[in-house]
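What's in start-v5.cif: mmCIF, C-alpha atoms, pLDDT in the B column; chains and numbers go by the auth columns
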data_final
#
loop_
_atom_site.group_PDB
_atom_site.id
_atom_site.type_symbol
_atom_site.label_atom_id
_atom_site.label_comp_id
_atom_site.label_asym_id
_atom_site.label_seq_id
_atom_site.Cartn_x
_atom_site.Cartn_y
_atom_site.Cartn_z
_atom_site.B_iso_or_equiv
_atom_site.auth_seq_id
_atom_site.auth_asym_id
ATOM 1 C CA PHE A 1 0.000 0.000 0.000 46.00 1 R
ATOM 2 C CA PHE A 2 2.686 2.499 0.986 52.00 2 R
ATOM 3 C CA GLN A 3 4.824 1.560 -1.999 53.00 3 R
ATOM 4 C CA PHE A 4 1.794 2.356 -4.148 50.00 4 R
ATOM 5 C CA SER A 5 1.236 5.712 -2.426 49.00 5 R
ATOM 6 C CA LYS A 6 4.909 6.606 -2.795 52.00 6 R
ATOM 7 C CA LYS A 7 4.392 6.540 -6.536 50.00 7 R
ATOM 8 C CA LYS A 8 2.218 9.620 -5.899 55.00 8 R
ATOM 9 C CA ARG A 9 -1.029 8.003 -6.805 55.00 9 R
ATOM 10 C CA PHE A 10 -2.289 9.104 -3.391 61.00 10 R
ATOM 11 C CA PRO A 11 -0.282 12.210 -2.513 63.00 11 R
ATOM 12 C CA GLY A 12 -0.657 13.182 1.134 71.00 12 R
ATOM 13 C CA ILE A 13 -1.859 9.748 2.246 77.00 13 R
ATOM 14 C CA GLU A 14 0.872 9.557 4.912 81.00 14 R
ATOM 15 C CA GLU A 15 -0.219 12.843 6.509 83.00 15 R
ATOM 16 C CA GLU A 16 -3.846 11.712 6.403 85.00 16 R
ATOM 17 C CA LEU A 17 -2.975 8.369 8.001 85.00 17 R
ATOM 18 C CA ILE A 18 -1.091 10.104 10.803 88.00 18 R
ATOM 19 C CA PHE A 19 -3.906 12.602 11.365 87.00 19 R
ATOM 20 C CA ARG A 20 -6.693 10.017 11.397 89.00 20 R
ATOM 21 C CA GLY A 21 -4.693 7.422 13.322 88.00 21 R
ATOM 22 C CA TYR A 22 -3.848 9.772 16.148 88.00 22 R
ATOM 23 C CA CYS A 23 -7.363 11.237 16.242 86.00 23 R
ATOM 24 C CA LEU A 24 -8.819 7.733 16.522 89.00 24 R
ATOM 25 C CA SER A 25 -6.265 6.840 19.198 88.00 25 R
ATOM 26 C CA PHE A 26 -7.523 9.751 21.335 89.00 26 R
ATOM 27 C CA GLU A 27 -10.800 7.870 21.737 89.00 27 R
ATOM 28 C CA ARG A 28 -9.028 4.693 22.807 89.00 28 R
ATOM 29 C CA ASN A 29 -6.783 3.696 25.704 87.00 29 R
ATOM 30 C CA SER A 30 -3.129 4.515 26.298 86.00 30 R
ATOM 31 C CA GLU A 31 -1.995 1.119 24.975 89.00 31 R
ATOM 32 C CA ASP A 32 -3.684 1.842 21.633 88.00 32 R
ATOM 33 C CA ARG A 33 -2.076 5.302 21.483 87.00 33 R
ATOM 34 C CA GLU A 34 1.316 3.728 22.238 88.00 34 R
ATOM 35 C CA ALA A 35 0.736 1.066 19.579 89.00 35 R
ATOM 36 C CA PHE A 36 0.032 3.741 16.976 89.00 36 R
ATOM 37 C CA CYS A 37 3.163 5.645 18.092 88.00 37 R
ATOM 38 C CA GLU A 38 5.120 2.419 17.609 91.00 38 R
ATOM 39 C CA PHE A 39 3.638 2.044 14.116 90.00 39 R
ATOM 40 C CA ILE A 40 4.718 5.607 13.261 91.00 40 R
ATOM 41 C CA ARG A 41 8.192 5.001 14.762 91.00 41 R
ATOM 42 C CA LYS A 42 8.683 1.921 12.604 90.00 42 R
ATOM 43 C CA SER A 43 7.258 3.697 9.553 87.00 43 R
ATOM 44 C CA LYS A 44 9.696 6.580 10.078 90.00 44 R
ATOM 45 C CA LYS A 45 12.626 4.214 10.638 90.00 45 R
ATOM 46 C CA THR A 46 11.889 2.432 7.364 86.00 46 R
ATOM 47 C CA SER A 47 11.321 5.746 5.523 84.00 47 R
ATOM 48 C CA ILE A 48 7.670 5.023 4.838 82.00 48 R
ATOM 49 C CA VAL A 49 6.803 8.330 6.496 86.00 49 R
ATOM 50 C CA THR A 50 8.995 11.378 6.901 89.00 50 R
ATOM 51 C CA GLU A 51 9.303 13.961 9.640 92.00 51 R
ATOM 52 C CA ILE A 52 7.414 16.323 7.337 92.00 52 R
ATOM 53 C CA ASP A 53 4.528 13.815 7.104 91.00 53 R
ATOM 54 C CA ILE A 54 4.448 13.486 10.892 92.00 54 R
ATOM 55 C CA VAL A 55 4.518 17.239 11.520 93.00 55 R
ATOM 56 C CA SER A 56 1.869 17.800 8.836 92.00 56 R
ATOM 57 C CA GLY A 57 -0.393 15.206 10.457 91.00 57 R
ATOM 58 C CA ILE A 58 0.081 16.797 13.880 91.00 58 R
ATOM 59 C CA SER A 59 -0.574 20.242 12.394 90.00 59 R
ATOM 60 C CA ARG A 60 -3.897 18.960 11.092 90.00 60 R
ATOM 61 C CA ILE A 61 -4.758 17.768 14.598 91.00 61 R
ATOM 62 C CA ILE A 62 -3.907 21.218 15.969 89.00 62 R
ATOM 63 C CA GLN A 63 -6.155 22.875 13.378 88.00 63 R
ATOM 64 C CA GLU A 64 -9.061 20.733 14.545 88.00 64 R
ATOM 65 C CA LEU A 65 -8.169 20.515 18.239 88.00 65 R
ATOM 66 C CA ASP A 66 -11.066 22.709 19.391 87.00 66 R
ATOM 67 C CA ASP A 67 -13.548 20.337 17.719 90.00 67 R
ATOM 68 C CA ILE A 68 -11.684 17.233 18.911 90.00 68 R
ATOM 69 C CA ARG A 69 -11.730 18.555 22.506 90.00 69 R
ATOM 70 C CA ILE A 70 -15.536 18.534 22.467 91.00 70 R
ATOM 71 C CA ASP A 71 -15.575 14.746 22.111 91.00 71 R
ATOM 72 C CA VAL A 72 -12.248 14.036 23.832 91.00 72 R
ATOM 73 C CA PRO A 73 -11.549 16.653 26.540 92.00 73 R
ATOM 74 C CA HIS A 74 -8.118 15.169 27.336 91.00 74 R
ATOM 75 C CA SER A 75 -6.959 15.332 23.703 90.00 75 R
ATOM 76 C CA PRO A 76 -4.409 18.150 24.364 91.00 76 R
ATOM 77 C CA LYS A 77 -2.734 15.971 26.991 91.00 77 R
ATOM 78 C CA PHE A 78 -2.815 12.956 24.648 91.00 78 R
ATOM 79 C CA LEU A 79 -1.318 15.101 21.883 92.00 79 R
ATOM 80 C CA ALA A 80 1.451 16.272 24.230 91.00 80 R
ATOM 81 C CA ASN A 81 2.262 12.678 25.185 91.00 81 R
ATOM 82 C CA ILE A 82 2.450 11.726 21.515 91.00 82 R
ATOM 83 C CA ILE A 83 4.737 14.667 20.709 91.00 83 R
ATOM 84 C CA ALA A 84 6.992 13.767 23.667 91.00 84 R
ATOM 85 C CA ASN A 85 7.118 10.163 22.485 90.00 85 R
ATOM 86 C CA LEU A 86 7.997 11.195 18.924 92.00 86 R
ATOM 87 C CA LEU A 87 10.652 13.610 20.185 90.00 87 R
ATOM 88 C CA LYS A 88 12.174 10.989 22.479 90.00 88 R
ATOM 89 C CA ASP A 89 12.389 8.507 19.618 90.00 89 R
ATOM 90 C CA GLU A 90 13.862 11.111 17.258 90.00 90 R
ATOM 91 C CA CYS A 91 10.923 10.898 14.866 91.00 91 R
ATOM 92 C CA ILE A 92 10.633 14.683 15.114 92.00 92 R
ATOM 93 C CA SER A 93 13.346 17.206 15.914 89.00 93 R
ATOM 94 C CA LEU A 94 13.491 19.929 18.548 86.00 94 R
ATOM 95 C CA ASN A 95 13.028 22.450 15.759 87.00 95 R
ATOM 96 C CA SER A 96 9.853 20.722 14.540 89.00 96 R
ATOM 97 C CA THR A 97 8.555 20.468 18.098 88.00 97 R
ATOM 98 C CA SER A 98 9.215 24.187 18.567 86.00 98 R
ATOM 99 C CA ASN A 99 7.296 24.932 15.363 86.00 99 R
ATOM 100 C CA ILE A 100 4.368 22.810 16.577 87.00 100 R
ATOM 101 C CA ILE A 101 4.259 24.759 19.875 87.00 101 R
ATOM 102 C CA LYS A 102 4.412 28.069 17.937 85.00 102 R
ATOM 103 C CA HIS A 103 1.520 26.872 15.758 84.00 103 R
ATOM 104 C CA ILE A 104 -0.546 26.140 18.882 86.00 104 R
ATOM 105 C CA HIS A 105 0.531 29.439 20.477 83.00 105 R
ATOM 106 C CA MET A 106 -0.912 31.386 17.533 83.00 106 R
ATOM 107 C CA SER A 107 -4.400 30.259 18.467 79.00 107 R
ATOM 108 C CA SER A 108 -3.996 30.027 22.250 81.00 108 R
ATOM 109 C CA SER A 109 -1.057 30.915 24.458 79.00 109 R
ATOM 110 C CA VAL A 110 -2.695 29.096 27.387 83.00 110 R
ATOM 111 C CA LEU A 111 -3.107 25.915 25.356 85.00 111 R
ATOM 112 C CA SER A 112 0.490 26.110 24.098 84.00 112 R
ATOM 113 C CA GLN A 113 1.728 26.389 27.697 84.00 113 R
ATOM 114 C CA GLU A 114 -0.494 23.476 28.754 86.00 114 R
ATOM 115 C CA ILE A 115 0.752 21.271 25.925 88.00 115 R
ATOM 116 C CA LEU A 116 4.404 22.228 26.462 87.00 116 R
ATOM 117 C CA LEU A 117 4.064 21.492 30.189 87.00 117 R
ATOM 118 C CA ASN A 118 2.561 18.086 29.358 88.00 118 R
ATOM 119 C CA ILE A 119 5.356 17.396 26.860 88.00 119 R
ATOM 120 C CA LEU A 120 7.967 18.236 29.498 88.00 120 R
ATOM 121 C CA THR A 121 6.163 16.161 32.140 88.00 121 R
ATOM 122 C CA SER A 122 5.966 13.205 29.753 89.00 122 R
ATOM 123 C CA LEU A 123 9.649 13.526 28.877 89.00 123 R
ATOM 124 C CA LYS A 124 10.578 13.309 32.579 87.00 124 R
ATOM 125 C CA LYS A 125 9.387 9.676 32.556 87.00 125 R
ATOM 126 C CA TYR A 126 11.901 8.615 29.914 86.00 126 R
ATOM 127 C CA GLU A 127 15.488 7.567 30.515 85.00 127 R
ATOM 128 C CA ASN A 128 16.885 10.357 28.331 82.00 128 R
ATOM 129 C CA GLY A 129 14.098 12.774 29.290 83.00 129 R
ATOM 130 C CA GLY A 130 16.217 15.005 31.496 84.00 130 R
ATOM 131 C CA ALA A 131 18.650 15.659 28.662 85.00 131 R
ATOM 132 C CA LEU A 132 15.790 16.407 26.249 85.00 132 R
ATOM 133 C CA ILE A 133 14.253 18.856 28.717 85.00 133 R
ATOM 134 C CA ALA A 134 17.611 20.583 29.173 84.00 134 R
ATOM 135 C CA ASN A 135 17.942 20.817 25.381 83.00 135 R
ATOM 136 C CA ILE A 136 14.486 22.347 25.087 82.00 136 R
ATOM 137 C CA PHE A 137 15.393 25.143 27.492 80.00 137 R
ATOM 138 C CA SER A 138 18.887 25.750 26.139 81.00 138 R
ATOM 139 C CA SER A 139 18.820 24.855 22.446 74.00 139 R
ATOM 140 C CA HIS A 140 18.680 27.412 19.684 69.00 140 R
ATOM 141 C CA ASN A 141 16.578 24.797 17.844 67.00 141 R
ATOM 142 C CA PHE A 142 13.734 25.307 20.315 74.00 142 R
ATOM 143 C CA ASP A 143 12.461 28.869 20.298 72.00 143 R
ATOM 144 C CA MET A 144 11.151 29.813 23.744 75.00 144 R
ATOM 145 C CA LYS A 145 10.792 33.495 22.809 77.00 145 R
ATOM 146 C CA ILE A 146 7.049 33.092 22.391 77.00 146 R
ATOM 147 C CA PHE A 147 6.816 32.741 26.176 79.00 147 R
ATOM 148 C CA SER A 148 7.591 35.444 28.728 81.00 148 R
ATOM 149 C CA LYS A 149 10.330 34.887 31.311 82.00 149 R
ATOM 150 C CA GLU A 150 7.628 34.460 33.943 84.00 150 R
ATOM 151 C CA GLU A 151 5.900 31.768 31.875 82.00 151 R
ATOM 152 C CA ILE A 152 9.198 29.936 31.327 81.00 152 R
ATOM 153 C CA ASN A 153 10.034 30.097 35.039 81.00 153 R
ATOM 154 C CA ALA A 154 6.554 28.803 35.887 82.00 154 R
ATOM 155 C CA LEU A 155 7.019 25.899 33.453 79.00 155 R
ATOM 156 C CA LYS A 156 10.410 25.085 34.950 80.00 156 R
ATOM 157 C CA SER A 157 9.093 25.131 38.495 83.00 157 R
ATOM 158 C CA LYS A 158 6.150 22.874 37.591 81.00 158 R
ATOM 159 C CA ILE A 159 8.337 20.213 35.984 76.00 159 R
ATOM 160 C CA GLU A 160 10.817 20.282 38.862 75.00 160 R
ATOM 161 C CA LYS A 161 8.099 19.146 41.294 68.00 161 R
#

This entry written out as structure tokens:
Amino acid sequence: FFQFSKKKRFPGIEEELIFRGYCLSFERNSEDREAFCEFIRKSKKTSIVTEIDIVSGISRIIQELDDIRIDVPHSPKFLANIIANLLKDECISLNSTSNIIKHIHMSSSVLSQEILLNILTSLKKYENGGALIANIFSSHNFDMKIFSKEEINALKSKIEK
């Protein structure tokens, strides 16, 4: 199927799969969300999907997040966990993650802070999470300028608890 789509008979099918798969996983349990993350990880590792496909799929979720939240109130937290998982597994870069947060921030600074806090909290659970968190706060690839110093300090204090 993917070989067929790569011949551009179904352009954008990868983005659509990522969008629909993650949206469906929001209505399921954490094991199903993790299973879909594993599918995306393997698809990225074998070059079936690209980082651009993944970010495009997540961007589609962000565009429809207000509607998704009506049916699945915890969808922002689920989305944050997915982003953290993808970042941990190097399926998306710090730069892409920063761009995703900026995209969310354009529509809601409160939501972008909530999602970033949930990403950071999720990362704490992983073996290399501390290093990723340090990179987020220090890397030029992750633009924190959209947040005030007070907001950044509040985020830092919340994840240190």

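Candidate residues R:Ile18, R:Ala35, R:Ile70, R:Leu87 were compared for distance to Ile100 (chain R), and the nearest is R:Leu87, using all atoms listed in the file.
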
Skip Thr97 (chain R) itself and residues of its chain fewer than 5 positions away, then list as an MDAnalysis selection string all residues within 8 Å of it, counting all atoms listed in the file.
chainID R and resid 83 87 92 142

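Closest approach to Asn153 (chain R) from the set R:Gln113, R:Leu24, R:Gly130, R:Thr121 is made by R:Gln113, with distances taken over all atoms listed in the file.
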
Using only C-alpha atoms, determine which residues lie at most 10 Å from region 41-47 of chain R, disregarding the query and same-chain residues fewer than 5 positions distant; provide the list as a PyMOL selection string.
chain R and resi 2+14+35-36+53-54+85-86+89-92

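Interatomic distance, CA of Ile115 (chain R) to CA of Asn81 (chain R): 8.8 Å.
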
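Proximity of R:Gln63, R:Ser25, R:Ser30, R:Thr50 to Met106 (chain R), computed with only C-alpha atoms, is greatest for R:Gln63.
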
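Summary of the local environment: counting only C-alpha atoms, residues at most 10 Å from Glu27 (chain R), other than itself and those fewer than 6 positions away along its chain, are Arg33, Ile68, Asp71, Val72, His74, Ser75 and Phe78 of chain R.
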
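CA of Leu120 (chain R) to CA of Ile82 (chain R) spans 11.7 Å [interatomic distance, one decimal].
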
Explicit residues for the PyMOL selection byres ((chain R and resi 102) around 12) (as a count of residues only):
28

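Minimum atom-to-atom distances from R:Ile52, R:Leu94, R:Arg60, R:Leu123 to Ala80 (chain R) were compared using all atoms listed in the file, and the lowest value belongs to R:Leu123.
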
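The environment of Lys88 (chain R) within 8 Å, counting all atoms listed in the file and disregarding residues fewer than 5 places along the same chain, consists of Leu123, Tyr126, Asn128, Gly129 and Leu132 of chain R.
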
Complete the atom set of region 28-39 of chain R to all heavy atoms and return it as an mmCIF file, keeping the file's coordinate frame.
data_model
loop_
_atom_site.group_PDB
_atom_site.id
_atom_site.type_symbol
_atom_site.label_atom_id
_atom_site.label_comp_id
_atom_site.auth_asym_id
_atom_site.auth_seq_id
_atom_site.Cartn_x
_atom_site.Cartn_y
_atom_site.Cartn_z
ATOM 1 N N ARG R 28 -9.348 6.022 22.316
ATOM 2 C CA ARG R 28 -9.028 4.693 22.807
ATOM 3 C C ARG R 28 -8.172 4.801 24.068
ATOM 4 O O ARG R 28 -7.989 5.873 24.628
ATOM 5 C CB ARG R 28 -8.281 3.921 21.714
ATOM 6 C CG ARG R 28 -9.029 3.868 20.381
ATOM 7 C CD ARG R 28 -9.489 2.512 20.050
ATOM 8 N NE ARG R 28 -10.243 2.220 18.878
ATOM 9 C CZ ARG R 28 -10.810 2.965 17.983
ATOM 10 N NH1 ARG R 28 -10.711 4.240 18.016
ATOM 11 N NH2 ARG R 28 -11.503 2.473 16.996
ATOM 12 N N ASN R 29 -7.586 3.701 24.477
ATOM 13 C CA ASN R 29 -6.783 3.696 25.704
ATOM 14 C C ASN R 29 -5.315 3.998 25.408
ATOM 15 O O ASN R 29 -4.901 4.084 24.255
ATOM 16 C CB ASN R 29 -6.942 2.373 26.452
ATOM 17 C CG ASN R 29 -6.510 1.181 25.616
ATOM 18 O OD1 ASN R 29 -5.558 1.251 24.854
ATOM 19 N ND2 ASN R 29 -7.224 0.079 25.761
ATOM 20 N N SER R 30 -4.540 4.137 26.465
ATOM 21 C CA SER R 30 -3.129 4.515 26.298
ATOM 22 C C SER R 30 -2.336 3.446 25.544
ATOM 23 O O SER R 30 -1.395 3.778 24.818
ATOM 24 C CB SER R 30 -2.486 4.807 27.649
ATOM 25 O OG SER R 30 -2.535 3.677 28.484
ATOM 26 N N GLU R 31 -2.703 2.179 25.698
ATOM 27 C CA GLU R 31 -1.995 1.119 24.975
ATOM 28 C C GLU R 31 -2.205 1.269 23.465
ATOM 29 O O GLU R 31 -1.279 1.044 22.682
ATOM 30 C CB GLU R 31 -2.457 -0.274 25.427
ATOM 31 C CG GLU R 31 -2.039 -0.640 26.829
ATOM 32 C CD GLU R 31 -2.956 -0.079 27.915
ATOM 33 O OE1 GLU R 31 -4.133 0.279 27.602
ATOM 34 O OE2 GLU R 31 -2.502 0.036 29.056
ATOM 35 N N ASP R 32 -3.407 1.638 23.060
ATOM 36 C CA ASP R 32 -3.684 1.842 21.633
ATOM 37 C C ASP R 32 -2.927 3.055 21.096
ATOM 38 O O ASP R 32 -2.403 3.026 19.982
ATOM 39 C CB ASP R 32 -5.180 2.024 21.381
ATOM 40 C CG ASP R 32 -5.971 0.748 21.593
ATOM 41 O OD1 ASP R 32 -5.359 -0.341 21.574
ATOM 42 O OD2 ASP R 32 -7.198 0.836 21.777
ATOM 43 N N ARG R 33 -2.847 4.134 21.904
ATOM 44 C CA ARG R 33 -2.076 5.302 21.483
ATOM 45 C C ARG R 33 -0.598 4.937 21.351
ATOM 46 O O ARG R 33 0.065 5.328 20.394
ATOM 47 C CB ARG R 33 -2.264 6.466 22.462
ATOM 48 C CG ARG R 33 -3.590 7.187 22.291
ATOM 49 C CD ARG R 33 -3.681 8.430 23.125
ATOM 50 N NE ARG R 33 -3.693 8.177 24.547
ATOM 51 C CZ ARG R 33 -4.759 7.761 25.238
ATOM 52 N NH1 ARG R 33 -5.906 7.565 24.602
ATOM 53 N NH2 ARG R 33 -4.687 7.563 26.526
ATOM 54 N N GLU R 34 -0.092 4.159 22.299
ATOM 55 C CA GLU R 34 1.316 3.728 22.238
ATOM 56 C C GLU R 34 1.547 2.818 21.028
ATOM 57 O O GLU R 34 2.573 2.914 20.364
ATOM 58 C CB GLU R 34 1.721 3.022 23.526
ATOM 59 C CG GLU R 34 3.126 2.478 23.530
ATOM 60 C CD GLU R 34 4.214 3.489 23.179
ATOM 61 O OE1 GLU R 34 4.117 4.648 23.595
ATOM 62 O OE2 GLU R 34 5.175 3.105 22.470
ATOM 63 N N ALA R 35 0.598 1.950 20.736
ATOM 64 C CA ALA R 35 0.736 1.066 19.579
ATOM 65 C C ALA R 35 0.798 1.875 18.284
ATOM 66 O O ALA R 35 1.593 1.561 17.391
ATOM 67 C CB ALA R 35 -0.423 0.063 19.533
ATOM 68 N N PHE R 36 -0.020 2.922 18.183
ATOM 69 C CA PHE R 36 0.032 3.741 16.976
ATOM 70 C C PHE R 36 1.351 4.507 16.913
ATOM 71 O O PHE R 36 1.940 4.651 15.836
ATOM 72 C CB PHE R 36 -1.167 4.690 16.877
ATOM 73 C CG PHE R 36 -1.280 5.303 15.513
ATOM 74 C CD1 PHE R 36 -1.702 4.549 14.431
ATOM 75 C CD2 PHE R 36 -0.919 6.612 15.295
ATOM 76 C CE1 PHE R 36 -1.775 5.090 13.152
ATOM 77 C CE2 PHE R 36 -0.986 7.173 14.014
ATOM 78 C CZ PHE R 36 -1.421 6.411 12.948
ATOM 79 N N CYS R 37 1.846 4.984 18.061
ATOM 80 C CA CYS R 37 3.163 5.645 18.092
ATOM 81 C C CYS R 37 4.241 4.673 17.612
ATOM 82 O O CYS R 37 5.139 5.063 16.860
ATOM 83 C CB CYS R 37 3.497 6.134 19.503
ATOM 84 S SG CYS R 37 2.682 7.670 19.949
ATOM 85 N N GLU R 38 4.148 3.428 18.042
ATOM 86 C CA GLU R 38 5.120 2.419 17.609
ATOM 87 C C GLU R 38 5.037 2.203 16.096
ATOM 88 O O GLU R 38 6.058 2.088 15.417
ATOM 89 C CB GLU R 38 4.875 1.102 18.350
ATOM 90 C CG GLU R 38 5.809 -0.023 17.977
ATOM 91 C CD GLU R 38 7.267 0.251 18.345
ATOM 92 O OE1 GLU R 38 7.534 1.084 19.234
ATOM 93 O OE2 GLU R 38 8.149 -0.374 17.710
ATOM 94 N N PHE R 39 3.830 2.177 15.561
ATOM 95 C CA PHE R 39 3.638 2.044 14.116
ATOM 96 C C PHE R 39 4.302 3.212 13.383
ATOM 97 O O PHE R 39 5.006 3.016 12.388
ATOM 98 C CB PHE R 39 2.140 1.977 13.793
ATOM 99 C CG PHE R 39 1.829 2.061 12.331
ATOM 100 C CD1 PHE R 39 2.068 0.979 11.494
ATOM 101 C CD2 PHE R 39 1.295 3.213 11.788
ATOM 102 C CE1 PHE R 39 1.786 1.042 10.140
ATOM 103 C CE2 PHE R 39 1.010 3.303 10.434
ATOM 104 C CZ PHE R 39 1.254 2.214 9.607
#
